[in-house]
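Report on one structure; see the data block that follows.
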Amino acid sequence: SLMGFDTGSGELKWETARRGKVTWASPVIANFNGEPQVIINGNPEVTSFDPRTGKELWSIEGLAGDVAPSVAVNSSMVYAVTDYQRLAAVKPGPGPSIVWQDNTFTPDVSSPVATDNYLFLSTGNGDVACYNAQKGDTLWSHYFTNQFYASPVVADGRVWMLDRSGVMHIMNAGPEYKLVAESPLGEPVDCTPAFSDKKIYIRGRNNLFCISLN
């Protein structure tokens, strides 16, 4: 099921039963045409709910298997993916449709991230890729020797990808592959970094790190 809680009191406001199989994906908040939504990836359906009531807004079948990645969203589309299956760009709303799809790069754990122009993803095989978010063309890809479980993050015009060995690969968030820097943390990492107030928080295997300029 999907549940909504009052953030002040902790009171359960609603609970809505989900169809399909168990999912590892986290719910994602989005806003399309002025309408707030909570979207969750699953097998077989990607489903949107009203965050105020739990009412289902729309749903579309698209994936199979053991779904772990959460969806990525931008101002116009939802991107759902699972390993050994496919990546699907969904036009949300009543009567949703799959605008484009591809099965070249399919993460098993990490979630993709999207801007209005580009979609970035990293895989458990060490591949990273950038797609045209609207048309689905693969703009660039690159292979790294280590796996990725942490999800990529877009910040300050760059895409940050942290591999399982603890190396942060920083690339331009654009249509051409350009590696800006590689920074080793010093211990293995599986968690996605958090960015806030010009600081980066990373949960390593043994330590919690806060990285800033000073």
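In the structure tokens, each chain is lettered A, B, ... as it comes, each chain's residues begin at 1, and ligands are numbered from 1 in order of appearance.
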
From a backbone DSSP assignment, name each residue in segment 56-160 of chain A labelled strand (DSSP E or B), as a VMD selection string. chain A and resid 56 to 61 72 to 73 78 to 82 86 to 91 97 to 102 113 to 114 118 to 122 127 to 132 138 to 143 153 to 155 158 to 160

Excluding segment 135-142 of chain A and residues on its chain fewer than 3 positions from it, collect all residues at most 7 Å away from it, counting only C-alpha atoms, and give them as a PyMOL selection string. chain A and resi 100-101+127-132+175-177

To one decimal place in Å, what is the distance between atom CA of Thr145 of chain A and atom CA of Gly126 of chain A? 5.8 Å

Could you list, as a ChimeraX atom specification, every residue within 9 Å of Lys199 of chain A, counting only C-alpha atoms and ignoring same-chain residues fewer than 5 positions away? /A:194,210-213

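Straight-line separation from atom CA of Val159 of chain A to atom CA of Thr192 of chain A: 12.6 Å.
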
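Candidate residues A:Ser1, A:Ser165, A:Ser110, A:Asn206 were compared for distance to Pro188 of chain A, and the nearest is A:Ser165, using only C-alpha atoms.
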
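Distances from A:Ser97, A:Thr23, A:Gln147, A:Thr104 to Ser59 of chain A were compared using only C-alpha atoms, and the smallest one belongs to A:Ser97.
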
Pick out the residues sitting within 12 Å of segment 179-184 of chain A, and hand them over as a ChimeraX atom specification; count only C-alpha atoms, and ignore anything fewer than 2 positions along from it in its own chain. /A:128,141-142,144,157-174,176-177,186-189,204,211

If we count only C-alpha atoms, what is near segment 111-123 of chain A at a cut-off of 7 Å, once residues fewer than 6 positions away on the same chain are taken out, given as a VMD selection string? chain A and resid 69 to 75 129 to 134 147 to 148 151 to 153

Generate a file of the selected residues that holds C-alpha atoms, formatted as a short mmCIF file (atom, residue, chain, number, x, y, z; two decimals), in the first residue's frame.
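Output file selection_2.cif is given in full below:
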```cif
data_model
loop_
_atom_site.label_atom_id
_atom_site.label_comp_id
_atom_site.auth_asym_id
_atom_site.auth_seq_id
_atom_site.Cartn_x
_atom_site.Cartn_y
_atom_site.Cartn_z
CA PRO A 69 14.79 2.18 -9.21
CA SER A 70 12.48 5.08 -8.41
CA VAL A 71 11.11 7.17 -11.27
CA ALA A 72 12.77 10.35 -12.50
CA VAL A 73 10.60 13.35 -13.38
CA ASN A 74 10.96 16.71 -15.10
CA SER A 75 8.33 19.30 -16.02
CA ALA A 129 24.58 7.31 -20.10
CA CYS A 130 22.89 10.53 -21.13
CA TYR A 131 19.67 10.55 -23.17
CA ASN A 132 17.76 13.28 -24.93
CA ALA A 133 14.94 13.48 -22.39
CA GLN A 134 12.29 14.38 -24.96
CA GLN A 147 29.49 -0.53 -10.23
CA PHE A 148 26.95 2.15 -9.31
CA SER A 151 21.74 7.36 -7.92
CA PRO A 152 23.15 10.24 -10.01
CA VAL A 153 22.42 13.79 -8.84
#
```

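Residue nearest Val46 of chain A, chosen from A:Ala155, A:Ile60, A:Ala25, A:Met3 and counting only C-alpha atoms: A:Ile60.
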
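When only C-alpha atoms are used to measure the gap to Phe49 of chain A, the shortest distance among A:Asp108, A:Glu35, A:Asp83, A:Glu11 belongs to A:Glu35.
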
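Atom CA of Arg203 of chain A is found 17.8 Å from atom CA of Asn146 of chain A.
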
Smallest atom-to-atom distance to Ala88 of chain A: which of A:Asp190, A:Glu45, A:Asp66, A:Glu15, using only C-alpha atoms? A:Glu45

Any idea what's packed within 9 Å of Gly54 of chain A, counting only C-alpha atoms, ignoring anything in its chain fewer than 6 positions away? Could you give it as an MDAnalysis selection string? chainID A and resid 2:4 13:16 38
